[in-house]
$ cat final.pdb   # PDB, C-alpha atoms
ATOM      1  CA  MET D  14     -31.792 -13.099  85.455
ATOM      2  CA  PRO D  15     -30.391 -12.629  81.967
ATOM      3  CA  ASP D  16     -32.875 -15.124  80.425
ATOM      4  CA  GLU D  17     -35.922 -13.201  81.566
ATOM      5  CA  MET D  18     -36.468  -9.783  80.081
ATOM      6  CA  ASP D  19     -38.650  -6.992  81.293
ATOM      7  CA  PRO D  20     -42.203  -7.409  79.894
ATOM      8  CA  ALA D  21     -42.138  -3.846  78.610
ATOM      9  CA  VAL D  22     -39.015  -4.597  76.579
ATOM     10  CA  GLN D  23     -40.592  -7.772  75.193
ATOM     11  CA  TYR D  24     -43.736  -5.873  74.250
ATOM     12  CA  ALA D  25     -41.714  -3.143  72.535
ATOM     13  CA  ARG D  26     -39.769  -5.729  70.525
ATOM     14  CA  ARG D  27     -42.947  -7.521  69.463
ATOM     15  CA  ALA D  28     -44.585  -4.234  68.495
ATOM     16  CA  LYS D  29     -41.553  -3.219  66.428
ATOM     17  CA  ALA D  30     -41.442  -6.626  64.727
ATOM     18  CA  SER D  31     -45.143  -6.547  63.869
ATOM     19  CA  GLN D  32     -44.863  -3.003  62.514
ATOM     20  CA  THR D  33     -41.902  -4.065  60.363
ATOM     21  CA  LEU D  34     -43.875  -7.060  59.075
ATOM     22  CA  ARG D  35     -46.845  -4.842  58.208
ATOM     23  CA  LEU D  36     -44.561  -2.433  56.359
ATOM     24  CA  LEU D  37     -42.989  -5.334  54.447
ATOM     25  CA  ILE D  38     -46.429  -6.605  53.430
ATOM     26  CA  ILE D  39     -47.432  -3.096  52.333
ATOM     27  CA  PHE D  40     -44.329  -2.749  50.157
ATOM     28  CA  ILE D  41     -44.949  -6.174  48.599
ATOM     29  CA  LEU D  42     -48.531  -5.181  47.797
ATOM     30  CA  ILE D  43     -47.426  -1.834  46.355
ATOM     31  CA  GLY D  44     -44.862  -3.627  44.203
ATOM     32  CA  SER D  45     -47.542  -6.053  43.033
ATOM     33  CA  LEU D  46     -49.872  -3.222  42.036
ATOM     34  CA  PHE D  47     -46.950  -1.531  40.276
ATOM     35  CA  ALA D  48     -46.212  -4.766  38.358
ATOM     36  CA  ILE D  49     -49.843  -5.392  37.452
ATOM     37  CA  THR D  50     -50.122  -1.857  36.094
ATOM     38  CA  GLY D  51     -46.943  -2.332  34.046
ATOM     39  CA  VAL D  52     -47.988  -5.698  32.649
ATOM     40  CA  ARG D  53     -51.380  -4.390  31.652
ATOM     41  CA  GLN D  54     -50.038  -1.146  30.207
ATOM     42  CA  PHE D  55     -47.091  -2.540  28.260
ATOM     43  CA  MET D  56     -48.111  -6.104  27.379
ATOM     44  CA  LEU D  57     -51.836  -6.777  27.541
ATOM     45  CA  ASP D  58     -53.421  -3.466  26.552
ATOM     46  CA  PRO D  59     -50.723  -1.154  25.146
ATOM     47  CA  ILE D  60     -51.198   2.142  23.387
ATOM     48  CA  HIS D  61     -49.562   2.142  19.947
ATOM     49  CA  LYS D  62     -47.016   4.849  20.793
ATOM     50  CA  VAL D  63     -44.353   3.963  23.348
ATOM     51  CA  GLU D  64     -44.108   7.538  24.613
ATOM     52  CA  LEU D  65     -47.816   7.573  25.424
ATOM     53  CA  ASP D  66     -47.508   4.192  27.105
ATOM     54  CA  VAL D  67     -44.741   5.462  29.373
ATOM     55  CA  MET D  68     -46.560   8.698  30.201
ATOM     56  CA  TRP D  69     -49.807   6.858  30.953
ATOM     57  CA  PHE D  70     -47.964   4.306  33.094
ATOM     58  CA  LEU D  71     -46.254   7.057  35.108
ATOM     59  CA  LEU D  72     -49.583   8.777  35.599
ATOM     60  CA  GLN D  73     -51.142   5.549  36.846
ATOM     61  CA  VAL D  74     -48.357   4.716  39.327
ATOM     62  CA  ALA D  75     -47.951   8.294  40.594
ATOM     63  CA  PRO D  76     -50.158   7.657  43.671
ATOM     64  CA  LEU D  77     -47.989   4.673  44.614
ATOM     65  CA  LEU D  78     -44.831   6.732  44.279
ATOM     66  CA  ALA D  79     -46.323   9.686  46.163
ATOM     67  CA  ILE D  80     -47.123   7.660  49.294
ATOM     68  CA  LEU D  81     -43.670   6.119  49.722
ATOM     69  CA  PRO D  82     -42.140   8.955  51.821
ATOM     70  CA  GLY D  83     -45.094   8.876  54.199
ATOM     71  CA  LEU D  84     -44.810   5.123  54.580
ATOM     72  CA  LEU D  85     -41.111   5.305  55.275
ATOM     73  CA  SER D  86     -41.729   7.867  58.025
ATOM     74  CA  GLY D  87     -44.077   5.415  59.727
ATOM     75  CA  THR D  88     -46.679   7.988  60.759
ATOM     76  CA  ARG D  89     -50.426   7.503  60.822
ATOM     77  CA  LYS D  90     -50.867  10.024  58.028
ATOM     78  CA  GLY D  91     -48.578   8.009  55.760
ATOM     79  CA  PHE D  92     -50.583   4.838  56.285
ATOM     80  CA  MET D  93     -53.872   6.722  55.894
ATOM     81  CA  TYR D  94     -52.708   8.112  52.546
ATOM     82  CA  CYS D  95     -51.673   4.607  51.517
ATOM     83  CA  ALA D  96     -55.157   3.266  52.283
ATOM     84  CA  LEU D  97     -56.674   6.201  50.406
ATOM     85  CA  ALA D  98     -54.441   5.676  47.353
ATOM     86  CA  SER D  99     -55.295   1.972  47.283
ATOM     87  CA  LEU D 100     -58.937   2.895  46.684
ATOM     88  CA  PHE D 101     -57.973   4.264  43.254
ATOM     89  CA  TYR D 102     -56.611   0.845  42.337
ATOM     90  CA  PHE D 103     -59.644  -0.912  43.798
ATOM     91  CA  VAL D 104     -61.996   1.165  41.644
ATOM     92  CA  HIS D 105     -59.766   0.656  38.598
ATOM     93  CA  GLY D 106     -59.690  -3.104  39.215
ATOM     94  CA  VAL D 107     -63.476  -3.258  39.462
ATOM     95  CA  MET D 108     -63.706  -1.288  36.232
ATOM     96  CA  LEU D 109     -61.245  -3.655  34.513
ATOM     97  CA  SER D 110     -63.158  -6.702  35.711
ATOM     98  CA  THR D 111     -66.098  -5.679  33.510
ATOM     99  CA  ASN D 112     -63.892  -6.180  30.427
ATOM    100  CA  PRO D 113     -63.934  -9.892  29.489
ATOM    101  CA  GLU D 114     -60.352  -9.768  28.169
ATOM    102  CA  LEU D 115     -58.910  -8.206  31.345
ATOM    103  CA  GLN D 116     -61.334  -9.650  33.905
ATOM    104  CA  ARG D 117     -58.812 -11.778  35.821
ATOM    105  CA  LEU D 118     -56.312  -8.953  35.982
ATOM    106  CA  GLY D 119     -59.009  -6.584  37.216
ATOM    107  CA  ILE D 120     -60.111  -8.981  39.951
ATOM    108  CA  LEU D 121     -56.493  -9.445  41.015
ATOM    109  CA  GLU D 122     -55.906  -5.684  41.099
ATOM    110  CA  ALA D 123     -59.078  -5.063  43.119
ATOM    111  CA  GLY D 124     -58.182  -7.843  45.554
ATOM    112  CA  LEU D 125     -54.634  -6.598  46.091
ATOM    113  CA  ALA D 126     -55.918  -3.061  46.590
ATOM    114  CA  MET D 127     -58.435  -4.288  49.187
ATOM    115  CA  VAL D 128     -55.729  -6.140  51.095
ATOM    116  CA  LEU D 129     -53.456  -3.088  50.877
ATOM    117  CA  ALA D 130     -56.171  -0.826  52.287
ATOM    118  CA  THR D 131     -56.801  -3.256  55.149
ATOM    119  CA  VAL D 132     -53.145  -3.733  56.061
ATOM    120  CA  ALA D 133     -52.445   0.005  55.788
ATOM    121  CA  THR D 134     -55.371   0.756  58.089
ATOM    122  CA  LEU D 135     -54.165  -1.773  60.658
ATOM    123  CA  ALA D 136     -50.617  -0.432  60.428
ATOM    124  CA  GLY D 137     -51.919   3.100  60.831
ATOM    125  CA  LYS D 138     -53.777   2.151  63.993
ATOM    126  CA  ALA D 139     -50.568   0.773  65.477
ATOM    127  CA  ALA D 140     -48.284   3.550  64.177
ATOM    128  CA  LYS D 141     -46.993   6.461  66.142
ATOM    129  CA  ASP D 142     -48.868   9.728  65.858
ATOM    130  CA  ASP D 143     -46.405  12.612  65.635
ATOM    131  CA  SER D 144     -49.066  15.272  65.922
ATOM    132  CA  VAL D 145     -50.133  14.109  69.419
ATOM    133  CA  ASN D 146     -46.787  12.993  70.863
ATOM    134  CA  PRO D 147     -43.946  14.742  69.030
ATOM    135  CA  GLN D 148     -40.666  12.879  69.139
ATOM    136  CA  PRO D 149     -37.575  14.931  70.096
TER     137      PRO D 149
END
$ encode --input "final.pdb" --output "structure tokens"
Amino acid sequence: MPDEMDPAVQYARRAKASQTLRLLIIFILIGSLFAITGVRQFMLDPIHKVELDVMWFLLQVAPLLAILPGLLSGTRKGFMYCALASLFYFVHGVMLSTNPELQRLGILEAGLAMVLATVATLAGKAAKDDSVNPQP
């Protein structure tokens, strides 16, 4: 029966595909937050010195860069740190939404951060936990 596969194999393939899709969505959301931060910092609300702009931008995207190794490992801790880091951007987006000039950008940032936290939490629930079942 080559057409029919073992249900365990089918389940494993579906689980791997859904985990890959979640990771893809997370990376798209991280890239969007990275872009929003860059657009705001360099175009909409820049500091007058370029060096300060670059330093402030790097400081603001440092949490996004710090979580990438954990996400690539695919462990629960990596996804938990991603959800935690997204809360910084949610709070920042809410703060920006009080400014009439940057209100739309703030709402977009807060919304993307909320979706990122949700997807990261769901991915973390489905991820492997290396501390309980170490892989050889």
$ residues_around --input "final.pdb" --residues "D:Ser110" --least-positions-apart "4" --cutoff "9 Å" --atoms "only C-alpha atoms" --output "PDB file with C-alpha atoms, in the coordinates of the input"
ATOM      1  CA  HIS D 105     -59.766   0.656  38.598  1.00  0.00           C
ATOM      2  CA  GLY D 106     -59.690  -3.104  39.215  1.00  0.00           C
ATOM      3  CA  GLU D 114     -60.352  -9.768  28.169  1.00  0.00           C
ATOM      4  CA  LEU D 115     -58.910  -8.206  31.345  1.00  0.00           C
ATOM      5  CA  GLN D 116     -61.334  -9.650  33.905  1.00  0.00           C
ATOM      6  CA  ARG D 117     -58.812 -11.778  35.821  1.00  0.00           C
ATOM      7  CA  LEU D 118     -56.312  -8.953  35.982  1.00  0.00           C
ATOM      8  CA  GLY D 119     -59.009  -6.584  37.216  1.00  0.00           C
ATOM      9  CA  ILE D 120     -60.111  -8.981  39.951  1.00  0.00           C
ATOM     10  CA  LEU D 121     -56.493  -9.445  41.015  1.00  0.00           C
ATOM     11  CA  ALA D 123     -59.078  -5.063  43.119  1.00  0.00           C
TER      12      ALA D 123
END
$ closest_residue --input "final.pdb" --among "D:Ile60, D:Leu46, D:Leu71, D:Leu34" --to "D:Phe101" --atoms "all atoms listed in the file"
D:Leu46
$ closest_residue --input "final.pdb" --among "D:Ile43, D:Ala25, D:Leu85, D:Ala30" --to "D:Met127" --atoms "only C-alpha atoms"
D:Ile43
$ residues_around --input "final.pdb" --residues "stretch 86-94 of chain D" --least-positions-apart "6" --cutoff "9 Å" --atoms "all atoms listed in the file" --output "JSON list (two decimals) with C-alpha atoms, keeping the file's coordinate frame"
[["chain", "number", "residue", "atom", "x", "y", "z"],
["D", 32, "GLN", "CA", -44.86, -3.00, 62.51],
["D", 36, "LEU", "CA", -44.56, -2.43, 56.36],
["D", 80, "ILE", "CA", -47.12, 7.66, 49.29],
["D", 130, "ALA", "CA", -56.17, -0.83, 52.29],
["D", 132, "VAL", "CA", -53.14, -3.73, 56.06],
["D", 133, "ALA", "CA", -52.44, 0.00, 55.79],
["D", 134, "THR", "CA", -55.37, 0.76, 58.09],
["D", 135, "LEU", "CA", -54.16, -1.77, 60.66],
["D", 136, "ALA", "CA", -50.62, -0.43, 60.43],
["D", 137, "GLY", "CA", -51.92, 3.10, 60.83],
["D", 138, "LYS", "CA", -53.78, 2.15, 63.99],
["D", 139, "ALA", "CA", -50.57, 0.77, 65.48],
["D", 140, "ALA", "CA", -48.28, 3.55, 64.18],
["D", 141, "LYS", "CA", -46.99, 6.46, 66.14],
["D", 142, "ASP", "CA", -48.87, 9.73, 65.86],
["D", 143, "ASP", "CA", -46.40, 12.61, 65.64]]
$ closest_residue --input "final.pdb" --among "D:Leu42, D:Ala48, D:Ala98, D:Leu81" --to "D:Gly124" --atoms "all atoms listed in the file"
D:Leu42
$ atom_distance --input "final.pdb" --atom1 "atom CA of D:Asp58" --atom2 "atom CA of D:Ala96"
26.7 Å
$ closest_residue --input "final.pdb" --among "D:Ile41, D:Leu65, D:Leu72, D:Leu109" --to "D:Arg53" --atoms "only C-alpha atoms"
D:Leu109
$ closest_residue --input "final.pdb" --among "D:His61, D:Val128, D:Met68, D:Leu37" --to "D:Ser99" --atoms "only C-alpha atoms"
D:Val128
$ atom_distance --input "final.pdb" --atom1 "atom CA of D:Leu100" --atom2 "atom CA of D:Ala126"
6.7 Å
$ axis_aligned_box --input "final.pdb" --around "stretch 21-37 of chain D" --padding-each-side "4 Å" --output "JSON"
{"center_x": -42.9, "center_y": -5.1, "center_z": 66.5, "size_x": 15.8, "size_y": 13.3, "size_z": 32.2}
$ atom_distance --input "final.pdb" --atom1 "atom CA of D:Pro59" --atom2 "atom CA of D:Ala75"
18.3 Å
$ closest_residue --input "final.pdb" --among "D:Ser45, D:Leu57, D:Thr131, D:Val52" --to "D:Leu77" --atoms "only C-alpha atoms"
D:Ser45
$ decode --input "final.pdb" --residues "stretch 47-81 of chain D" --atoms "N, CA and C atoms" --output "mmCIF file, in the first residue's frame"
data_model
loop_
_atom_site.group_PDB
_atom_site.id
_atom_site.type_symbol
_atom_site.label_atom_id
_atom_site.label_comp_id
_atom_site.auth_asym_id
_atom_site.auth_seq_id
_atom_site.Cartn_x
_atom_site.Cartn_y
_atom_site.Cartn_z
ATOM 1 N N PHE D 47 10.717 45.324 12.718
ATOM 2 C CA PHE D 47 12.027 45.898 12.390
ATOM 3 C C PHE D 47 11.849 47.047 11.393
ATOM 4 N N ALA D 48 11.030 46.842 10.363
ATOM 5 C CA ALA D 48 10.801 47.871 9.342
ATOM 6 C C ALA D 48 10.055 49.070 9.908
ATOM 7 N N ILE D 49 9.051 48.818 10.726
ATOM 8 C CA ILE D 49 8.299 49.925 11.322
ATOM 9 C C ILE D 49 9.222 50.789 12.189
ATOM 10 N N THR D 50 10.081 50.126 12.956
ATOM 11 C CA THR D 50 11.019 50.863 13.799
ATOM 12 C C THR D 50 11.969 51.698 12.945
ATOM 13 N N GLY D 51 12.450 51.129 11.844
ATOM 14 C CA GLY D 51 13.346 51.868 10.953
ATOM 15 C C GLY D 51 12.665 53.038 10.272
ATOM 16 N N VAL D 52 11.452 52.831 9.794
ATOM 17 C CA VAL D 52 10.724 53.917 9.135
ATOM 18 C C VAL D 52 10.467 55.054 10.111
ATOM 19 N N ARG D 53 10.035 54.711 11.298
ATOM 20 C CA ARG D 53 9.766 55.750 12.288
ATOM 21 C C ARG D 53 11.042 56.476 12.682
ATOM 22 N N GLN D 54 12.113 55.705 12.913
ATOM 23 C CA GLN D 54 13.349 56.303 13.414
ATOM 24 C C GLN D 54 14.066 57.149 12.368
ATOM 25 N N PHE D 55 14.060 56.699 11.117
ATOM 26 C CA PHE D 55 14.848 57.397 10.101
ATOM 27 C C PHE D 55 14.041 58.345 9.217
ATOM 28 N N MET D 56 12.728 58.146 9.124
ATOM 29 C CA MET D 56 11.948 58.975 8.200
ATOM 30 C C MET D 56 10.917 59.864 8.897
ATOM 31 N N LEU D 57 10.134 59.293 9.788
ATOM 32 C CA LEU D 57 9.031 60.058 10.362
ATOM 33 C C LEU D 57 9.418 60.892 11.573
ATOM 34 N N ASP D 58 10.285 60.380 12.417
ATOM 35 C CA ASP D 58 10.643 61.079 13.651
ATOM 36 C C ASP D 58 12.142 60.956 13.918
ATOM 37 N N PRO D 59 12.987 61.470 13.007
ATOM 38 C CA PRO D 59 14.429 61.289 13.180
ATOM 39 C C PRO D 59 15.020 62.248 14.205
ATOM 40 N N ILE D 60 16.158 61.814 14.747
ATOM 41 C CA ILE D 60 16.975 62.695 15.572
ATOM 42 C C ILE D 60 17.891 63.427 14.585
ATOM 43 N N HIS D 61 18.332 64.617 14.918
ATOM 44 C CA HIS D 61 19.064 65.433 13.944
ATOM 45 C C HIS D 61 20.458 64.913 13.616
ATOM 46 N N LYS D 62 21.039 64.091 14.472
ATOM 47 C CA LYS D 62 22.352 63.519 14.172
ATOM 48 C C LYS D 62 22.175 62.076 13.717
ATOM 49 N N VAL D 63 22.805 61.732 12.614
ATOM 50 C CA VAL D 63 22.669 60.392 12.043
ATOM 51 C C VAL D 63 23.243 59.337 12.985
ATOM 52 N N GLU D 64 24.345 59.653 13.644
ATOM 53 C CA GLU D 64 24.963 58.690 14.550
ATOM 54 C C GLU D 64 24.012 58.324 15.694
ATOM 55 N N LEU D 65 23.331 59.322 16.221
ATOM 56 C CA LEU D 65 22.360 59.068 17.286
ATOM 57 C C LEU D 65 21.170 58.270 16.777
ATOM 58 N N ASP D 66 20.755 58.572 15.549
ATOM 59 C CA ASP D 66 19.670 57.798 14.940
ATOM 60 C C ASP D 66 20.028 56.319 14.852
ATOM 61 N N VAL D 67 21.221 56.032 14.372
ATOM 62 C CA VAL D 67 21.659 54.648 14.208
ATOM 63 C C VAL D 67 21.782 53.954 15.555
ATOM 64 N N MET D 68 22.373 54.648 16.533
ATOM 65 C CA MET D 68 22.519 54.038 17.862
ATOM 66 C C MET D 68 21.156 53.775 18.496
ATOM 67 N N TRP D 69 20.236 54.728 18.372
ATOM 68 C CA TRP D 69 18.909 54.557 18.955
ATOM 69 C C TRP D 69 18.140 53.445 18.245
ATOM 70 N N PHE D 70 18.297 53.351 16.936
ATOM 71 C CA PHE D 70 17.651 52.277 16.178
ATOM 72 C C PHE D 70 18.182 50.911 16.619
ATOM 73 N N LEU D 71 19.497 50.788 16.748
ATOM 74 C CA LEU D 71 20.081 49.514 17.186
ATOM 75 C C LEU D 71 19.637 49.147 18.597
ATOM 76 N N LEU D 72 19.495 50.134 19.447
ATOM 77 C CA LEU D 72 19.004 49.873 20.791
ATOM 78 C C LEU D 72 17.552 49.385 20.764
ATOM 79 N N GLN D 73 16.764 49.953 19.873
ATOM 80 C CA GLN D 73 15.353 49.571 19.801
ATOM 81 C C GLN D 73 15.139 48.196 19.172
ATOM 82 N N VAL D 74 15.993 47.783 18.249
ATOM 83 C CA VAL D 74 15.808 46.471 17.613
ATOM 84 C C VAL D 74 16.637 45.380 18.278
ATOM 85 N N ALA D 75 17.390 45.723 19.317
ATOM 86 C CA ALA D 75 18.206 44.715 20.009
ATOM 87 C C ALA D 75 17.388 43.537 20.534
ATOM 88 N N PRO D 76 16.188 43.748 21.112
ATOM 89 C CA PRO D 76 15.413 42.574 21.540
ATOM 90 C C PRO D 76 15.041 41.648 20.388
ATOM 91 N N LEU D 77 14.750 42.211 19.226
ATOM 92 C CA LEU D 77 14.420 41.375 18.065
ATOM 93 C C LEU D 77 15.622 40.569 17.610
ATOM 94 N N LEU D 78 16.792 41.173 17.653
ATOM 95 C CA LEU D 78 18.001 40.464 17.246
ATOM 96 C C LEU D 78 18.412 39.419 18.277
ATOM 97 N N ALA D 79 18.149 39.706 19.551
ATOM 98 C CA ALA D 79 18.554 38.790 20.621
ATOM 99 C C ALA D 79 17.740 37.496 20.631
ATOM 100 N N ILE D 80 16.505 37.534 20.146
ATOM 101 C CA ILE D 80 15.669 36.331 20.203
ATOM 102 C C ILE D 80 15.847 35.409 18.999
ATOM 103 N N LEU D 81 16.543 35.861 17.979
ATOM 104 C CA LEU D 81 16.675 35.046 16.765
ATOM 105 C C LEU D 81 17.343 33.688 16.999
#
